[in-house]
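What follows is the content of run-v2.cif (mmCIF, N, CA and C atoms).
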data_data
#
loop_
_atom_site.label_atom_id
_atom_site.label_comp_id
_atom_site.auth_asym_id
_atom_site.auth_seq_id
_atom_site.Cartn_x
_atom_site.Cartn_y
_atom_site.Cartn_z
N MET N 9 0.85 -1.17 0.00
CA MET N 9 0.00 0.00 0.00
C MET N 9 0.90 1.24 0.00
N SER N 10 0.63 2.17 -0.89
CA SER N 10 1.48 3.34 -1.02
C SER N 10 1.23 4.31 0.14
N ARG N 11 2.19 5.20 0.31
CA ARG N 11 2.10 6.18 1.40
C ARG N 11 0.91 7.12 1.21
N ASP N 12 0.64 7.51 -0.04
CA ASP N 12 -0.51 8.39 -0.32
C ASP N 12 -1.82 7.71 0.04
N THR N 13 -1.92 6.42 -0.28
CA THR N 13 -3.14 5.68 0.05
C THR N 13 -3.31 5.58 1.56
N GLN N 14 -2.22 5.36 2.28
CA GLN N 14 -2.29 5.29 3.74
C GLN N 14 -2.73 6.62 4.32
N GLU N 15 -2.21 7.72 3.78
CA GLU N 15 -2.61 9.04 4.27
C GLU N 15 -4.08 9.32 3.99
N GLU N 16 -4.56 8.90 2.80
CA GLU N 16 -5.97 9.09 2.48
C GLU N 16 -6.86 8.29 3.41
N ILE N 17 -6.47 7.06 3.70
CA ILE N 17 -7.25 6.23 4.62
C ILE N 17 -7.25 6.85 6.01
N SER N 18 -6.11 7.36 6.43
CA SER N 18 -6.01 8.00 7.74
C SER N 18 -6.92 9.23 7.81
N LEU N 19 -6.93 10.03 6.76
CA LEU N 19 -7.79 11.22 6.74
C LEU N 19 -9.27 10.84 6.75
N LEU N 20 -9.62 9.80 6.00
CA LEU N 20 -11.01 9.34 6.01
C LEU N 20 -11.40 8.81 7.38
N ARG N 21 -10.48 8.11 8.04
CA ARG N 21 -10.76 7.60 9.38
C ARG N 21 -11.03 8.74 10.35
N TYR N 22 -10.18 9.80 10.29
CA TYR N 22 -10.39 10.94 11.17
C TYR N 22 -11.69 11.66 10.87
N ALA N 23 -12.04 11.76 9.59
CA ALA N 23 -13.31 12.40 9.22
C ALA N 23 -14.49 11.60 9.75
N PHE N 24 -14.42 10.28 9.65
CA PHE N 24 -15.50 9.43 10.17
C PHE N 24 -15.59 9.56 11.69
N GLU N 25 -14.44 9.53 12.37
CA GLU N 25 -14.44 9.67 13.83
C GLU N 25 -15.05 11.01 14.25
N LEU N 26 -14.68 12.08 13.56
CA LEU N 26 -15.22 13.39 13.91
C LEU N 26 -16.72 13.46 13.68
N SER N 27 -17.21 12.83 12.62
CA SER N 27 -18.65 12.86 12.38
C SER N 27 -19.40 12.11 13.48
N ILE N 28 -18.86 10.99 13.93
CA ILE N 28 -19.48 10.25 15.03
C ILE N 28 -19.39 11.05 16.33
N ILE N 29 -18.22 11.66 16.57
CA ILE N 29 -18.03 12.45 17.79
C ILE N 29 -19.00 13.62 17.83
N LEU N 30 -19.29 14.22 16.68
CA LEU N 30 -20.20 15.36 16.65
C LEU N 30 -21.67 14.94 16.76
N ALA N 31 -22.04 13.87 16.08
CA ALA N 31 -23.45 13.51 15.99
C ALA N 31 -23.96 12.71 17.19
N ALA N 32 -23.19 11.74 17.64
CA ALA N 32 -23.69 10.81 18.66
C ALA N 32 -24.10 11.50 19.97
N PRO N 33 -23.27 12.35 20.57
CA PRO N 33 -23.69 12.97 21.84
C PRO N 33 -24.95 13.82 21.71
N VAL N 34 -25.09 14.52 20.60
CA VAL N 34 -26.27 15.38 20.41
C VAL N 34 -27.53 14.51 20.28
N ILE N 35 -27.43 13.46 19.48
CA ILE N 35 -28.58 12.57 19.29
C ILE N 35 -28.94 11.86 20.59
N ILE N 36 -27.94 11.37 21.30
CA ILE N 36 -28.21 10.67 22.57
C ILE N 36 -28.80 11.63 23.59
N GLY N 37 -28.24 12.84 23.69
CA GLY N 37 -28.77 13.84 24.63
C GLY N 37 -30.20 14.23 24.31
N ALA N 38 -30.48 14.44 23.03
CA ALA N 38 -31.85 14.80 22.63
C ALA N 38 -32.81 13.64 22.89
N PHE N 39 -32.40 12.42 22.59
CA PHE N 39 -33.26 11.26 22.82
C PHE N 39 -33.55 11.08 24.31
N CYS N 40 -32.53 11.19 25.13
CA CYS N 40 -32.74 11.03 26.59
C CYS N 40 -33.65 12.13 27.12
N GLY N 41 -33.43 13.37 26.66
CA GLY N 41 -34.30 14.46 27.09
C GLY N 41 -35.74 14.26 26.64
N TYR N 42 -35.92 13.79 25.42
CA TYR N 42 -37.27 13.51 24.92
C TYR N 42 -37.94 12.41 25.74
N TRP N 43 -37.18 11.36 26.06
CA TRP N 43 -37.71 10.25 26.85
C TRP N 43 -38.16 10.72 28.24
N ILE N 44 -37.32 11.55 28.87
CA ILE N 44 -37.68 12.09 30.20
C ILE N 44 -38.94 12.94 30.08
N ASP N 45 -39.00 13.79 29.07
CA ASP N 45 -40.17 14.65 28.88
C ASP N 45 -41.43 13.82 28.67
N GLN N 46 -41.36 12.75 27.91
CA GLN N 46 -42.53 11.91 27.64
C GLN N 46 -42.97 11.15 28.89
N ASN N 47 -42.02 10.63 29.67
CA ASN N 47 -42.37 9.82 30.83
C ASN N 47 -42.79 10.65 32.04
N PHE N 48 -42.30 11.86 32.15
CA PHE N 48 -42.62 12.67 33.33
C PHE N 48 -43.46 13.90 32.98
N ASP N 49 -43.93 13.97 31.74
CA ASP N 49 -44.81 15.04 31.29
C ASP N 49 -44.28 16.43 31.68
N THR N 50 -43.06 16.72 31.21
CA THR N 50 -42.41 17.98 31.56
C THR N 50 -42.31 18.94 30.38
N GLY N 51 -43.08 18.71 29.34
CA GLY N 51 -43.01 19.59 28.17
C GLY N 51 -41.79 19.26 27.33
N PHE N 52 -41.05 20.31 26.95
CA PHE N 52 -39.84 20.09 26.15
C PHE N 52 -38.57 20.54 26.86
N SER N 53 -38.65 20.77 28.16
CA SER N 53 -37.50 21.32 28.88
C SER N 53 -36.31 20.37 28.89
N PHE N 54 -36.52 19.07 29.14
CA PHE N 54 -35.40 18.13 29.17
C PHE N 54 -34.88 17.83 27.77
N LEU N 55 -35.71 17.94 26.76
CA LEU N 55 -35.24 17.79 25.38
C LEU N 55 -34.22 18.89 25.06
N ILE N 56 -34.55 20.11 25.46
CA ILE N 56 -33.64 21.24 25.24
C ILE N 56 -32.37 21.08 26.06
N ILE N 57 -32.51 20.70 27.33
CA ILE N 57 -31.34 20.50 28.20
C ILE N 57 -30.46 19.37 27.65
N GLY N 58 -31.07 18.27 27.28
CA GLY N 58 -30.31 17.14 26.74
C GLY N 58 -29.58 17.49 25.45
N THR N 59 -30.24 18.26 24.60
CA THR N 59 -29.61 18.67 23.35
C THR N 59 -28.41 19.57 23.62
N PHE N 60 -28.57 20.54 24.52
CA PHE N 60 -27.44 21.41 24.85
C PHE N 60 -26.31 20.66 25.53
N LEU N 61 -26.64 19.72 26.40
CA LEU N 61 -25.58 18.89 27.01
C LEU N 61 -24.86 18.06 25.94
N GLY N 62 -25.61 17.54 24.98
CA GLY N 62 -25.00 16.79 23.88
C GLY N 62 -24.07 17.67 23.06
N ILE N 63 -24.49 18.90 22.79
CA ILE N 63 -23.64 19.84 22.05
C ILE N 63 -22.37 20.14 22.84
N LEU N 64 -22.51 20.32 24.15
CA LEU N 64 -21.35 20.59 25.00
C LEU N 64 -20.38 19.42 24.98
N VAL N 65 -20.90 18.21 25.14
CA VAL N 65 -20.05 17.01 25.12
C VAL N 65 -19.39 16.85 23.74
N ALA N 66 -20.13 17.08 22.67
CA ALA N 66 -19.58 16.96 21.32
C ALA N 66 -18.46 17.97 21.10
N THR N 67 -18.64 19.18 21.62
CA THR N 67 -17.61 20.21 21.48
C THR N 67 -16.34 19.81 22.23
N ILE N 68 -16.49 19.34 23.45
CA ILE N 68 -15.33 18.92 24.25
C ILE N 68 -14.60 17.76 23.57
N LEU N 69 -15.34 16.76 23.12
CA LEU N 69 -14.72 15.61 22.46
C LEU N 69 -14.04 16.00 21.15
N THR N 70 -14.64 16.92 20.41
CA THR N 70 -14.04 17.37 19.16
C THR N 70 -12.73 18.11 19.41
N VAL N 71 -12.73 18.99 20.38
CA VAL N 71 -11.51 19.73 20.71
C VAL N 71 -10.41 18.77 21.14
N ARG N 72 -10.74 17.79 21.95
CA ARG N 72 -9.75 16.80 22.39
C ARG N 72 -9.20 16.01 21.21
N LYS N 73 -10.07 15.58 20.30
CA LYS N 73 -9.64 14.80 19.15
C LYS N 73 -8.77 15.63 18.22
N VAL N 74 -9.17 16.85 17.94
CA VAL N 74 -8.40 17.70 17.04
C VAL N 74 -7.04 18.04 17.65
N SER N 75 -6.99 18.33 18.94
CA SER N 75 -5.70 18.63 19.57
C SER N 75 -4.79 17.41 19.54
N HIS N 76 -5.37 16.21 19.69
CA HIS N 76 -4.58 14.98 19.60
C HIS N 76 -4.01 14.80 18.19
N VAL N 77 -4.82 15.07 17.18
CA VAL N 77 -4.36 14.95 15.79
C VAL N 77 -3.27 15.98 15.51
N ILE N 78 -3.42 17.19 16.02
CA ILE N 78 -2.41 18.22 15.82
C ILE N 78 -1.10 17.82 16.47
N LYS N 79 -1.16 17.28 17.68
CA LYS N 79 0.07 16.83 18.35
C LYS N 79 0.74 15.72 17.56
N GLN N 80 -0.04 14.79 17.02
CA GLN N 80 0.54 13.72 16.21
C GLN N 80 1.20 14.27 14.96
N SER N 81 0.55 15.20 14.29
CA SER N 81 1.13 15.74 13.05
C SER N 81 2.37 16.58 13.36
N ASP N 82 2.37 17.31 14.48
CA ASP N 82 3.56 18.07 14.87
C ASP N 82 4.72 17.14 15.14
N ALA N 83 4.47 16.05 15.85
CA ALA N 83 5.52 15.08 16.14
C ALA N 83 6.05 14.46 14.86
N PHE N 84 5.16 14.19 13.91
CA PHE N 84 5.57 13.62 12.63
C PHE N 84 6.48 14.58 11.88
N TYR N 85 6.09 15.86 11.83
CA TYR N 85 6.89 16.83 11.07
C TYR N 85 8.22 17.13 11.76
N VAL N 86 8.25 17.11 13.08
CA VAL N 86 9.51 17.31 13.80
C VAL N 86 10.45 16.14 13.50
N ALA N 87 9.92 14.92 13.57
CA ALA N 87 10.74 13.75 13.27
C ALA N 87 11.21 13.78 11.82
N LYS N 88 10.35 14.17 10.91
CA LYS N 88 10.71 14.25 9.50
C LYS N 88 11.79 15.31 9.28
N LYS N 89 11.67 16.43 9.98
CA LYS N 89 12.65 17.50 9.84
C LYS N 89 14.01 17.05 10.37
N LYS N 90 14.02 16.33 11.49
CA LYS N 90 15.28 15.82 12.03
C LYS N 90 15.92 14.85 11.05
N THR N 91 15.11 13.98 10.48
CA THR N 91 15.63 13.01 9.52
C THR N 91 16.18 13.73 8.30
N MET N 92 15.48 14.74 7.82
CA MET N 92 15.95 15.50 6.67
C MET N 92 17.24 16.23 7.01
N GLY N 93 17.33 16.74 8.23
CA GLY N 93 18.55 17.43 8.66
C GLY N 93 19.74 16.48 8.66
N LYS N 94 19.54 15.25 9.12
CA LYS N 94 20.62 14.26 9.12
C LYS N 94 21.03 13.93 7.70
N ASN N 95 20.08 13.77 6.81
CA ASN N 95 20.39 13.47 5.42
C ASN N 95 21.18 14.60 4.77
N GLU N 96 20.82 15.84 5.07
CA GLU N 96 21.54 16.98 4.50
C GLU N 96 22.97 17.04 5.03
N LYS N 97 23.14 16.73 6.32
CA LYS N 97 24.49 16.71 6.89
C LYS N 97 25.33 15.63 6.23
N GLN N 98 24.74 14.46 6.01
CA GLN N 98 25.47 13.38 5.35
C GLN N 98 25.85 13.77 3.93
N LYS N 99 24.94 14.39 3.21
CA LYS N 99 25.24 14.82 1.84
C LYS N 99 26.35 15.87 1.83
N LYS N 100 26.32 16.77 2.80
CA LYS N 100 27.33 17.80 2.87
C LYS N 100 28.70 17.19 3.16
N GLU N 101 28.74 16.23 4.09
CA GLU N 101 29.99 15.55 4.39
C GLU N 101 30.50 14.78 3.18
N GLU N 102 29.61 14.13 2.46
CA GLU N 102 30.02 13.39 1.26
C GLU N 102 30.55 14.32 0.19
N SER N 103 29.92 15.48 0.03
CA SER N 103 30.39 16.42 -0.99
C SER N 103 31.74 17.01 -0.59
N GLU N 104 31.95 17.24 0.71
CA GLU N 104 33.25 17.73 1.17
C GLU N 104 34.32 16.68 0.93
N ASP N 105 34.00 15.43 1.18
CA ASP N 105 34.94 14.34 0.93
C ASP N 105 35.27 14.26 -0.55
N ASP N 106 34.27 14.39 -1.41
CA ASP N 106 34.46 14.32 -2.84
C ASP N 106 35.32 15.49 -3.33
N SER N 107 35.07 16.68 -2.80
CA SER N 107 35.82 17.86 -3.25
C SER N 107 37.26 17.81 -2.78
N SER N 108 37.52 17.23 -1.62
CA SER N 108 38.90 17.15 -1.13
C SER N 108 39.69 16.13 -1.94
N HIS N 109 39.05 15.09 -2.46
CA HIS N 109 39.73 14.08 -3.25
C HIS N 109 39.91 14.53 -4.69
N SER N 110 39.10 15.45 -5.16
CA SER N 110 39.18 15.86 -6.56
C SER N 110 40.47 16.61 -6.85
N GLY N 111 41.10 17.20 -5.85
CA GLY N 111 42.35 17.92 -6.06
C GLY N 111 43.53 17.00 -6.29
N TRP N 112 43.42 15.74 -5.94
CA TRP N 112 44.51 14.79 -6.09
C TRP N 112 44.62 14.24 -7.49
N VAL N 113 43.59 14.40 -8.27
CA VAL N 113 43.59 13.80 -9.60
C VAL N 113 44.47 14.53 -10.55
#
Kindly present the structure from the file in structure tokens form.
Amino acid sequence: MSRDTQEEISLLRYAFELSIILAAPVIIGAFCGYWIDQNFDTGFSFLIIGTFLGILVATILTVRKVSHVIKQSDAFYVAKKKTMGKNEKQKKEESEDDSSHSGWV
């Protein structure tokens, strides 16, 4: 599997996770509030409360997930930069070695 395909799958996975993280708490909160309202004859007050609690939970979970993804991508780019820095140092040393030997010919 190519690196581009792996990155696309990873992005799709994160998109799916975010959609579940956003939708599930709101739906569950609204359903629970509706159920309480129906069983205790309280109008729509618990439906509204449950929906807002679901939105709050969805927001918190989304922020946590996005911050986790950002930390992972930062760590990846730092590691990639270090690796690139080592490769550049090796190339520079090789070119210095080549230039010092070229004078002997």
Determine the residue set returned by the PyMOL selection byres ((chain N and resi 29-44) around 7) for the present structure, and present it as an mmCIF file with N, CA and C atoms, keeping the file's coordinate frame.
data_model
loop_
_atom_site.group_PDB
_atom_site.id
_atom_site.type_symbol
_atom_site.label_atom_id
_atom_site.label_comp_id
_atom_site.auth_asym_id
_atom_site.auth_seq_id
_atom_site.Cartn_x
_atom_site.Cartn_y
_atom_site.Cartn_z
ATOM 1 N N PHE N 24 -14.420 10.280 9.650
ATOM 2 C CA PHE N 24 -15.500 9.430 10.170
ATOM 3 C C PHE N 24 -15.590 9.560 11.690
ATOM 4 N N GLU N 25 -14.440 9.530 12.370
ATOM 5 C CA GLU N 25 -14.440 9.670 13.830
ATOM 6 C C GLU N 25 -15.050 11.010 14.250
ATOM 7 N N LEU N 26 -14.680 12.080 13.560
ATOM 8 C CA LEU N 26 -15.220 13.390 13.910
ATOM 9 C C LEU N 26 -16.720 13.460 13.680
ATOM 10 N N SER N 27 -17.210 12.830 12.620
ATOM 11 C CA SER N 27 -18.650 12.860 12.380
ATOM 12 C C SER N 27 -19.400 12.110 13.480
ATOM 13 N N ILE N 28 -18.860 10.990 13.930
ATOM 14 C CA ILE N 28 -19.480 10.250 15.030
ATOM 15 C C ILE N 28 -19.390 11.050 16.330
ATOM 16 N N ASP N 45 -39.000 13.790 29.070
ATOM 17 C CA ASP N 45 -40.170 14.650 28.880
ATOM 18 C C ASP N 45 -41.430 13.820 28.670
ATOM 19 N N GLN N 46 -41.360 12.750 27.910
ATOM 20 C CA GLN N 46 -42.530 11.910 27.640
ATOM 21 C C GLN N 46 -42.970 11.150 28.890
ATOM 22 N N ASN N 47 -42.020 10.630 29.670
ATOM 23 C CA ASN N 47 -42.370 9.820 30.830
ATOM 24 C C ASN N 47 -42.790 10.650 32.040
ATOM 25 N N PHE N 48 -42.300 11.860 32.150
ATOM 26 C CA PHE N 48 -42.620 12.670 33.330
ATOM 27 C C PHE N 48 -43.460 13.900 32.980
ATOM 28 N N ASP N 49 -43.930 13.970 31.740
ATOM 29 C CA ASP N 49 -44.810 15.040 31.290
ATOM 30 C C ASP N 49 -44.280 16.430 31.680
ATOM 31 N N THR N 50 -43.060 16.720 31.210
ATOM 32 C CA THR N 50 -42.410 17.980 31.560
ATOM 33 C C THR N 50 -42.310 18.940 30.380
ATOM 34 N N PHE N 52 -41.050 20.310 26.950
ATOM 35 C CA PHE N 52 -39.840 20.090 26.150
ATOM 36 C C PHE N 52 -38.570 20.540 26.860
ATOM 37 N N SER N 53 -38.650 20.770 28.160
ATOM 38 C CA SER N 53 -37.500 21.320 28.880
ATOM 39 C C SER N 53 -36.310 20.370 28.890
ATOM 40 N N PHE N 54 -36.520 19.070 29.140
ATOM 41 C CA PHE N 54 -35.400 18.130 29.170
ATOM 42 C C PHE N 54 -34.880 17.830 27.770
ATOM 43 N N LEU N 55 -35.710 17.940 26.760
ATOM 44 C CA LEU N 55 -35.240 17.790 25.380
ATOM 45 C C LEU N 55 -34.220 18.890 25.060
ATOM 46 N N ILE N 56 -34.550 20.110 25.460
ATOM 47 C CA ILE N 56 -33.640 21.240 25.240
ATOM 48 C C ILE N 56 -32.370 21.080 26.060
ATOM 49 N N ILE N 57 -32.510 20.700 27.330
ATOM 50 C CA ILE N 57 -31.340 20.500 28.200
ATOM 51 C C ILE N 57 -30.460 19.370 27.650
ATOM 52 N N GLY N 58 -31.070 18.270 27.280
ATOM 53 C CA GLY N 58 -30.310 17.140 26.740
ATOM 54 C C GLY N 58 -29.580 17.490 25.450
ATOM 55 N N THR N 59 -30.240 18.260 24.600
ATOM 56 C CA THR N 59 -29.610 18.670 23.350
ATOM 57 C C THR N 59 -28.410 19.570 23.620
ATOM 58 N N PHE N 60 -28.570 20.540 24.520
ATOM 59 C CA PHE N 60 -27.440 21.410 24.850
ATOM 60 C C PHE N 60 -26.310 20.660 25.530
ATOM 61 N N LEU N 61 -26.640 19.720 26.400
ATOM 62 C CA LEU N 61 -25.580 18.890 27.010
ATOM 63 C C LEU N 61 -24.860 18.060 25.940
ATOM 64 N N GLY N 62 -25.610 17.540 24.980
ATOM 65 C CA GLY N 62 -25.000 16.790 23.880
ATOM 66 C C GLY N 62 -24.070 17.670 23.060
ATOM 67 N N ILE N 63 -24.490 18.900 22.790
ATOM 68 C CA ILE N 63 -23.640 19.840 22.050
ATOM 69 C C ILE N 63 -22.370 20.140 22.840
ATOM 70 N N VAL N 65 -20.900 18.210 25.140
ATOM 71 C CA VAL N 65 -20.050 17.010 25.120
ATOM 72 C C VAL N 65 -19.390 16.850 23.740
ATOM 73 N N ALA N 66 -20.130 17.080 22.670
ATOM 74 C CA ALA N 66 -19.580 16.960 21.320
ATOM 75 C C ALA N 66 -18.460 17.970 21.100
ATOM 76 N N THR N 67 -18.640 19.180 21.620
ATOM 77 C CA THR N 67 -17.610 20.210 21.480
ATOM 78 C C THR N 67 -16.340 19.810 22.230
ATOM 79 N N LEU N 69 -15.340 16.760 23.120
ATOM 80 C CA LEU N 69 -14.720 15.610 22.460
ATOM 81 C C LEU N 69 -14.040 16.000 21.150
ATOM 82 N N THR N 70 -14.640 16.920 20.410
ATOM 83 C CA THR N 70 -14.040 17.370 19.160
ATOM 84 C C THR N 70 -12.730 18.110 19.410
#
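Pairwise distance (atom N of Ser10 of chain N, atom CA of Ser75 of chain N) equals 27.0 Å.
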Quick check, in Å to one decimal: how far apart do atom CA of Ser18 of chain N and atom CA of Val86 of chain N lie? 19.1 Å
Pairwise distance for atom CA of Lys73 of chain N and atom CA of Met92 of chain N, rounded to one decimal in Å: 28.5 Å
